[in-house]
>>> print(open('coords-v6.cif').read())   # mmCIF, N, CA and C atoms
data_query
loop_
_atom_site.label_atom_id
_atom_site.label_comp_id
_atom_site.auth_asym_id
_atom_site.auth_seq_id
_atom_site.Cartn_x
_atom_site.Cartn_y
_atom_site.Cartn_z
N MET A 1 102.02 149.87 117.25
CA MET A 1 102.28 150.01 115.82
C MET A 1 101.48 151.19 115.30
N ASN A 2 102.09 151.96 114.41
CA ASN A 2 101.43 153.15 113.88
C ASN A 2 100.85 152.83 112.51
N ASP A 3 99.53 152.95 112.37
CA ASP A 3 98.88 152.67 111.10
C ASP A 3 98.67 153.92 110.26
N TRP A 4 99.05 155.09 110.80
CA TRP A 4 98.85 156.34 110.08
C TRP A 4 99.99 156.55 109.11
N HIS A 5 99.64 156.99 107.91
CA HIS A 5 100.63 157.40 106.92
C HIS A 5 100.18 158.72 106.30
N ALA A 6 101.12 159.51 105.88
CA ALA A 6 100.83 160.83 105.34
C ALA A 6 100.12 160.72 103.99
N SER A 7 99.14 161.58 103.81
CA SER A 7 98.41 161.63 102.54
C SER A 7 99.26 162.35 101.49
N ASP A 8 98.93 162.15 100.23
CA ASP A 8 99.63 162.85 99.16
C ASP A 8 99.48 164.36 99.31
N HIS A 9 98.29 164.80 99.71
CA HIS A 9 98.04 166.24 99.89
C HIS A 9 98.95 166.81 100.99
N LEU A 10 99.08 166.09 102.08
CA LEU A 10 99.93 166.54 103.19
C LEU A 10 101.38 166.63 102.72
N MET A 11 101.82 165.63 101.98
CA MET A 11 103.20 165.63 101.50
C MET A 11 103.46 166.77 100.51
N THR A 12 102.49 167.02 99.65
CA THR A 12 102.63 168.13 98.69
C THR A 12 102.73 169.46 99.42
N ARG A 13 101.89 169.66 100.42
CA ARG A 13 101.95 170.91 101.19
C ARG A 13 103.26 171.03 101.95
N TYR A 14 103.77 169.92 102.46
CA TYR A 14 105.06 169.94 103.15
C TYR A 14 106.16 170.32 102.15
N ALA A 15 106.14 169.68 100.98
CA ALA A 15 107.17 169.91 99.97
C ALA A 15 107.19 171.35 99.47
N ASP A 16 106.01 171.96 99.35
CA ASP A 16 105.98 173.34 98.82
C ASP A 16 106.04 174.40 99.92
N GLY A 17 106.17 173.95 101.17
CA GLY A 17 106.34 174.88 102.28
C GLY A 17 105.06 175.50 102.80
N SER A 18 103.89 174.99 102.38
CA SER A 18 102.64 175.59 102.82
C SER A 18 102.01 174.88 104.02
N LEU A 19 102.66 173.84 104.52
CA LEU A 19 102.14 173.13 105.69
C LEU A 19 102.48 173.91 106.95
N PRO A 20 101.50 174.12 107.84
CA PRO A 20 101.80 174.84 109.09
C PRO A 20 102.95 174.16 109.85
N GLU A 21 103.74 174.95 110.54
CA GLU A 21 104.94 174.46 111.21
C GLU A 21 104.66 173.29 112.15
N SER A 22 103.60 173.36 112.94
CA SER A 22 103.31 172.28 113.88
C SER A 22 102.99 170.98 113.13
N ASP A 23 102.30 171.08 112.00
CA ASP A 23 102.01 169.89 111.20
C ASP A 23 103.28 169.35 110.54
N ALA A 24 104.15 170.25 110.12
CA ALA A 24 105.42 169.83 109.51
C ALA A 24 106.26 169.07 110.54
N TRP A 25 106.30 169.56 111.77
CA TRP A 25 107.06 168.86 112.82
C TRP A 25 106.48 167.47 113.06
N SER A 26 105.17 167.38 113.08
CA SER A 26 104.53 166.09 113.27
C SER A 26 104.89 165.13 112.14
N LEU A 27 104.84 165.62 110.92
CA LEU A 27 105.19 164.79 109.77
C LEU A 27 106.65 164.37 109.85
N GLU A 28 107.54 165.29 110.19
CA GLU A 28 108.96 164.97 110.27
C GLU A 28 109.22 163.90 111.33
N THR A 29 108.52 163.95 112.43
CA THR A 29 108.64 162.92 113.46
C THR A 29 108.22 161.57 112.90
N HIS A 30 107.13 161.55 112.15
CA HIS A 30 106.65 160.31 111.52
C HIS A 30 107.69 159.79 110.52
N LEU A 31 108.29 160.68 109.75
CA LEU A 31 109.26 160.28 108.73
C LEU A 31 110.49 159.61 109.32
N GLU A 32 110.83 159.95 110.56
CA GLU A 32 111.97 159.32 111.22
C GLU A 32 111.75 157.83 111.42
N ARG A 33 110.50 157.42 111.44
CA ARG A 33 110.17 156.02 111.72
C ARG A 33 109.51 155.30 110.55
N CYS A 34 109.19 156.01 109.49
CA CYS A 34 108.45 155.41 108.38
C CYS A 34 109.21 155.65 107.07
N GLY A 35 109.95 154.66 106.65
CA GLY A 35 110.74 154.78 105.43
C GLY A 35 109.88 154.98 104.19
N GLY A 36 108.72 154.34 104.15
CA GLY A 36 107.84 154.48 102.99
C GLY A 36 107.38 155.92 102.80
N CYS A 37 106.96 156.55 103.87
CA CYS A 37 106.53 157.94 103.78
C CYS A 37 107.72 158.86 103.50
N ALA A 38 108.89 158.53 104.05
CA ALA A 38 110.09 159.34 103.80
C ALA A 38 110.42 159.34 102.31
N VAL A 39 110.32 158.20 101.66
CA VAL A 39 110.58 158.11 100.23
C VAL A 39 109.56 158.95 99.46
N ARG A 40 108.30 158.88 99.85
CA ARG A 40 107.26 159.64 99.17
C ARG A 40 107.47 161.14 99.34
N VAL A 41 107.87 161.58 100.52
CA VAL A 41 108.13 163.00 100.75
C VAL A 41 109.33 163.44 99.92
N SER A 42 110.35 162.61 99.86
CA SER A 42 111.52 162.93 99.05
C SER A 42 111.12 163.14 97.59
N ARG A 43 110.28 162.28 97.08
CA ARG A 43 109.80 162.43 95.69
C ARG A 43 109.01 163.72 95.54
N ALA A 44 108.18 164.04 96.53
CA ALA A 44 107.37 165.26 96.46
C ALA A 44 108.26 166.50 96.46
N VAL A 45 109.32 166.49 97.26
CA VAL A 45 110.23 167.63 97.30
C VAL A 45 110.97 167.76 95.97
N ARG A 46 111.39 166.63 95.41
CA ARG A 46 112.11 166.68 94.14
C ARG A 46 111.21 167.15 93.00
N ALA A 47 109.91 167.09 93.17
CA ALA A 47 108.97 167.55 92.14
C ALA A 47 108.75 169.06 92.20
N THR A 48 109.37 169.73 93.16
CA THR A 48 109.24 171.18 93.30
C THR A 48 110.49 171.87 92.75
N ALA A 49 110.52 173.17 92.85
CA ALA A 49 111.68 173.95 92.42
C ALA A 49 112.92 173.61 93.25
N ALA A 50 112.72 172.97 94.40
CA ALA A 50 113.85 172.60 95.25
C ALA A 50 114.77 171.59 94.57
N GLU A 51 114.27 170.85 93.59
CA GLU A 51 115.10 169.85 92.91
C GLU A 51 116.35 170.48 92.32
N ALA A 52 116.22 171.63 91.69
CA ALA A 52 117.39 172.27 91.08
C ALA A 52 118.40 172.67 92.15
N VAL A 53 117.93 173.19 93.26
CA VAL A 53 118.82 173.59 94.36
C VAL A 53 119.50 172.36 94.94
N LEU A 54 118.72 171.29 95.15
CA LEU A 54 119.31 170.06 95.68
C LEU A 54 120.37 169.50 94.75
N ALA A 55 120.13 169.56 93.45
CA ALA A 55 121.10 169.07 92.48
C ALA A 55 122.39 169.88 92.55
N GLU A 56 122.28 171.20 92.69
CA GLU A 56 123.47 172.05 92.81
C GLU A 56 124.25 171.73 94.08
N VAL A 57 123.55 171.56 95.17
CA VAL A 57 124.21 171.23 96.44
C VAL A 57 124.90 169.87 96.32
N ARG A 58 124.22 168.90 95.75
CA ARG A 58 124.79 167.56 95.58
C ARG A 58 126.08 167.64 94.75
N GLU A 59 126.04 168.38 93.64
CA GLU A 59 127.23 168.52 92.79
C GLU A 59 128.37 169.19 93.53
N ALA A 60 128.07 170.23 94.30
CA ALA A 60 129.11 170.94 95.05
C ALA A 60 129.74 170.03 96.11
N VAL A 61 128.92 169.27 96.80
CA VAL A 61 129.45 168.37 97.83
C VAL A 61 130.33 167.30 97.18
N LEU A 62 129.86 166.72 96.11
CA LEU A 62 130.64 165.67 95.44
C LEU A 62 131.95 166.21 94.87
N ALA A 63 131.93 167.45 94.41
CA ALA A 63 133.14 168.06 93.88
C ALA A 63 134.20 168.28 94.96
N GLU A 64 133.76 168.51 96.19
CA GLU A 64 134.69 168.77 97.29
C GLU A 64 135.05 167.50 98.07
N ALA A 65 134.31 166.43 97.88
CA ALA A 65 134.56 165.20 98.63
C ALA A 65 135.87 164.55 98.15
N PRO A 66 136.63 164.00 99.10
CA PRO A 66 137.85 163.32 98.69
C PRO A 66 137.52 162.09 97.85
N ALA A 67 138.42 161.77 96.96
CA ALA A 67 138.21 160.59 96.12
C ALA A 67 138.21 159.34 96.99
N ALA A 68 137.41 158.37 96.59
CA ALA A 68 137.38 157.11 97.32
C ALA A 68 138.68 156.38 97.11
N PRO A 69 139.19 155.76 98.17
CA PRO A 69 140.45 155.02 98.00
C PRO A 69 140.25 153.84 97.06
N THR A 70 141.28 153.54 96.31
CA THR A 70 141.22 152.40 95.40
C THR A 70 141.66 151.14 96.14
N ALA A 71 141.12 150.02 95.72
CA ALA A 71 141.49 148.75 96.34
C ALA A 71 142.92 148.39 95.93
N ARG A 72 143.69 147.94 96.89
CA ARG A 72 145.06 147.54 96.62
C ARG A 72 145.22 146.06 96.92
N SER A 73 146.05 145.44 96.13
CA SER A 73 146.36 144.04 96.38
C SER A 73 147.36 143.96 97.52
N PRO A 74 147.22 142.95 98.38
CA PRO A 74 148.22 142.80 99.44
C PRO A 74 149.59 142.52 98.82
N VAL A 75 150.61 143.07 99.42
CA VAL A 75 151.99 142.92 98.90
C VAL A 75 152.54 141.58 99.27
#
>>> encode(input="coords-v6.cif", output="structure tokens")
Amino acid sequence: MNDWHASDHLMTRYADGSLPESDAWSLETHLERCGGCAVRVSRAVRATAAEAVLAEVREAVLAEAPAAPTARSPV
């Protein structure tokens, strides 16, 4: 069992791109197995300028996605 979790400082540095690449890879490996830290990193990224870019990408993807099928009653 892994008792290590990322500190707020580590997550902030990851979110703003100032974390060294080897440390970022280590954190990303941890995030694959730790949902709690993944949520915290997601919040940290959304607190940066990346939030606006992510919102634009989300809107573009949703605009191009096919509409969800509607439920039909059996005939």
>>> atom_distance(input="coords-v6.cif", atom1="atom N of A:Ala15", atom2="atom C of A:Leu31")
13.8 Å
>>> residues_around(input="coords-v6.cif", residues="A:Cys37", least_positions_apart="2", cutoff="12 Å", atoms="only C-alpha atoms", output="list in words")
Asp3, Trp4, His5, Ala6, Ser7, Asp8, Leu10, Met11, Leu27, Glu28, Thr29, His30, Leu31, Glu32, Arg33, Cys34, Gly35, Val39, Arg40, Val41, Ser42, Arg43 and Ala44 of chain A
>>> write_last_selection(input="coords-v6.cif", atoms="N, CA and C atoms", output="JSON list (two decimals), in the frame of the given file")
[["chain", "number", "residue", "atom", "x", "y", "z"],
["A", 3, "ASP", "N", 99.53, 152.95, 112.37],
["A", 3, "ASP", "CA", 98.88, 152.67, 111.10],
["A", 3, "ASP", "C", 98.67, 153.92, 110.26],
["A", 4, "TRP", "N", 99.05, 155.09, 110.80],
["A", 4, "TRP", "CA", 98.85, 156.34, 110.08],
["A", 4, "TRP", "C", 99.99, 156.55, 109.11],
["A", 5, "HIS", "N", 99.64, 156.99, 107.91],
["A", 5, "HIS", "CA", 100.63, 157.40, 106.92],
["A", 5, "HIS", "C", 100.18, 158.72, 106.30],
["A", 6, "ALA", "N", 101.12, 159.51, 105.88],
["A", 6, "ALA", "CA", 100.83, 160.83, 105.34],
["A", 6, "ALA", "C", 100.12, 160.72, 103.99],
["A", 7, "SER", "N", 99.14, 161.58, 103.81],
["A", 7, "SER", "CA", 98.41, 161.63, 102.54],
["A", 7, "SER", "C", 99.26, 162.35, 101.49],
["A", 8, "ASP", "N", 98.93, 162.15, 100.23],
["A", 8, "ASP", "CA", 99.63, 162.85, 99.16],
["A", 8, "ASP", "C", 99.48, 164.36, 99.31],
["A", 10, "LEU", "N", 99.08, 166.09, 102.08],
["A", 10, "LEU", "CA", 99.93, 166.54, 103.19],
["A", 10, "LEU", "C", 101.38, 166.63, 102.72],
["A", 11, "MET", "N", 101.82, 165.63, 101.98],
["A", 11, "MET", "CA", 103.20, 165.63, 101.50],
["A", 11, "MET", "C", 103.46, 166.77, 100.51],
["A", 27, "LEU", "N", 104.84, 165.62, 110.92],
["A", 27, "LEU", "CA", 105.19, 164.79, 109.77],
["A", 27, "LEU", "C", 106.65, 164.37, 109.85],
["A", 28, "GLU", "N", 107.54, 165.29, 110.19],
["A", 28, "GLU", "CA", 108.96, 164.97, 110.27],
["A", 28, "GLU", "C", 109.22, 163.90, 111.33],
["A", 29, "THR", "N", 108.52, 163.95, 112.43],
["A", 29, "THR", "CA", 108.64, 162.92, 113.46],
["A", 29, "THR", "C", 108.22, 161.57, 112.90],
["A", 30, "HIS", "N", 107.13, 161.55, 112.15],
["A", 30, "HIS", "CA", 106.65, 160.31, 111.52],
["A", 30, "HIS", "C", 107.69, 159.79, 110.52],
["A", 31, "LEU", "N", 108.29, 160.68, 109.75],
["A", 31, "LEU", "CA", 109.26, 160.28, 108.73],
["A", 31, "LEU", "C", 110.49, 159.61, 109.32],
["A", 32, "GLU", "N", 110.83, 159.95, 110.56],
["A", 32, "GLU", "CA", 111.97, 159.32, 111.22],
["A", 32, "GLU", "C", 111.75, 157.83, 111.42],
["A", 33, "ARG", "N", 110.50, 157.42, 111.44],
["A", 33, "ARG", "CA", 110.17, 156.02, 111.72],
["A", 33, "ARG", "C", 109.51, 155.30, 110.55],
["A", 34, "CYS", "N", 109.19, 156.01, 109.49],
["A", 34, "CYS", "CA", 108.45, 155.41, 108.38],
["A", 34, "CYS", "C", 109.21, 155.65, 107.07],
["A", 35, "GLY", "N", 109.95, 154.66, 106.65],
["A", 35, "GLY", "CA", 110.74, 154.78, 105.43],
["A", 35, "GLY", "C", 109.88, 154.98, 104.19],
["A", 39, "VAL", "N", 110.32, 158.20, 101.66],
["A", 39, "VAL", "CA", 110.58, 158.11, 100.23],
["A", 39, "VAL", "C", 109.56, 158.95, 99.46],
["A", 40, "ARG", "N", 108.30, 158.88, 99.85],
["A", 40, "ARG", "CA", 107.26, 159.64, 99.17],
["A", 40, "ARG", "C", 107.47, 161.14, 99.34],
["A", 41, "VAL", "N", 107.87, 161.58, 100.52],
["A", 41, "VAL", "CA", 108.13, 163.00, 100.75],
["A", 41, "VAL", "C", 109.33, 163.44, 99.92],
["A", 42, "SER", "N", 110.35, 162.61, 99.86],
["A", 42, "SER", "CA", 111.52, 162.93, 99.05],
["A", 42, "SER", "C", 111.12, 163.14, 97.59],
["A", 43, "ARG", "N", 110.28, 162.28, 97.08],
["A", 43, "ARG", "CA", 109.80, 162.43, 95.69],
["A", 43, "ARG", "C", 109.01, 163.72, 95.54],
["A", 44, "ALA", "N", 108.18, 164.04, 96.53],
["A", 44, "ALA", "CA", 107.37, 165.26, 96.46],
["A", 44, "ALA", "C", 108.26, 166.50, 96.46]]
>>> atom_distance(input="coords-v6.cif", atom1="atom CA of A:Gly36", atom2="atom CA of A:Glu56")
25.6 Å
>>> atom_distance(input="coords-v6.cif", atom1="atom C of A:Leu62", atom2="atom N of A:Tyr14")
29.4 Å
>>> build_atoms(input="coords-v6.cif", residues="stretch 57-68 of chain A", atoms="all heavy atoms", output="compact mmCIF listing (two decimals), in the frame of the given file")
# COMPACT_ATOMS: atom_id res chain seq x y z
N VAL A 57 123.55 171.56 95.17
CA VAL A 57 124.21 171.23 96.44
C VAL A 57 124.90 169.87 96.32
O VAL A 57 126.06 169.71 96.73
CB VAL A 57 123.21 171.24 97.61
CG1 VAL A 57 123.82 170.65 98.88
CG2 VAL A 57 122.70 172.65 97.86
N ARG A 58 124.22 168.90 95.75
CA ARG A 58 124.79 167.56 95.58
C ARG A 58 126.08 167.64 94.75
O ARG A 58 127.09 167.05 95.12
CB ARG A 58 123.78 166.65 94.90
CG ARG A 58 124.21 165.22 94.75
CD ARG A 58 123.15 164.36 94.04
NE ARG A 58 121.85 164.43 94.67
CZ ARG A 58 120.75 164.97 94.11
NH1 ARG A 58 120.80 165.48 92.89
NH2 ARG A 58 119.61 164.99 94.74
N GLU A 59 126.04 168.38 93.64
CA GLU A 59 127.23 168.52 92.79
C GLU A 59 128.37 169.19 93.53
O GLU A 59 129.53 168.78 93.41
CB GLU A 59 126.88 169.30 91.53
CG GLU A 59 126.02 168.52 90.55
CD GLU A 59 125.62 169.35 89.35
OE1 GLU A 59 126.34 170.31 89.01
OE2 GLU A 59 124.58 169.03 88.75
N ALA A 60 128.07 170.23 94.30
CA ALA A 60 129.11 170.94 95.05
C ALA A 60 129.74 170.03 96.11
O ALA A 60 130.96 170.04 96.28
CB ALA A 60 128.52 172.19 95.70
N VAL A 61 128.92 169.27 96.80
CA VAL A 61 129.45 168.37 97.83
C VAL A 61 130.33 167.30 97.18
O VAL A 61 131.43 167.02 97.66
CB VAL A 61 128.29 167.73 98.63
CG1 VAL A 61 128.79 166.58 99.50
CG2 VAL A 61 127.60 168.78 99.49
N LEU A 62 129.86 166.72 96.11
CA LEU A 62 130.64 165.67 95.44
C LEU A 62 131.95 166.21 94.87
O LEU A 62 132.97 165.53 94.87
CB LEU A 62 129.81 165.00 94.35
CG LEU A 62 128.64 164.16 94.86
CD1 LEU A 62 127.81 163.64 93.69
CD2 LEU A 62 129.12 163.01 95.73
N ALA A 63 131.93 167.45 94.41
CA ALA A 63 133.14 168.06 93.88
C ALA A 63 134.20 168.28 94.96
O ALA A 63 135.40 168.21 94.69
CB ALA A 63 132.81 169.39 93.20
N GLU A 64 133.76 168.51 96.19
CA GLU A 64 134.69 168.77 97.29
C GLU A 64 135.05 167.50 98.07
O GLU A 64 136.00 167.52 98.86
CB GLU A 64 134.07 169.79 98.26
CG GLU A 64 133.89 171.16 97.64
CD GLU A 64 135.22 171.80 97.25
OE1 GLU A 64 136.22 171.65 97.97
OE2 GLU A 64 135.26 172.45 96.18
N ALA A 65 134.31 166.43 97.88
CA ALA A 65 134.56 165.20 98.63
C ALA A 65 135.87 164.55 98.15
O ALA A 65 136.17 164.57 96.96
CB ALA A 65 133.41 164.22 98.42
N PRO A 66 136.63 164.00 99.10
CA PRO A 66 137.85 163.32 98.69
C PRO A 66 137.52 162.09 97.85
O PRO A 66 136.46 161.49 98.01
CB PRO A 66 138.51 162.93 100.00
CG PRO A 66 137.45 163.03 101.03
CD PRO A 66 136.40 163.96 100.52
N ALA A 67 138.42 161.77 96.96
CA ALA A 67 138.21 160.59 96.12
C ALA A 67 138.21 159.34 96.99
O ALA A 67 138.93 159.26 97.98
CB ALA A 67 139.30 160.51 95.07
N ALA A 68 137.41 158.37 96.59
CA ALA A 68 137.38 157.11 97.32
C ALA A 68 138.68 156.38 97.11
O ALA A 68 139.24 156.38 96.01
CB ALA A 68 136.20 156.27 96.82
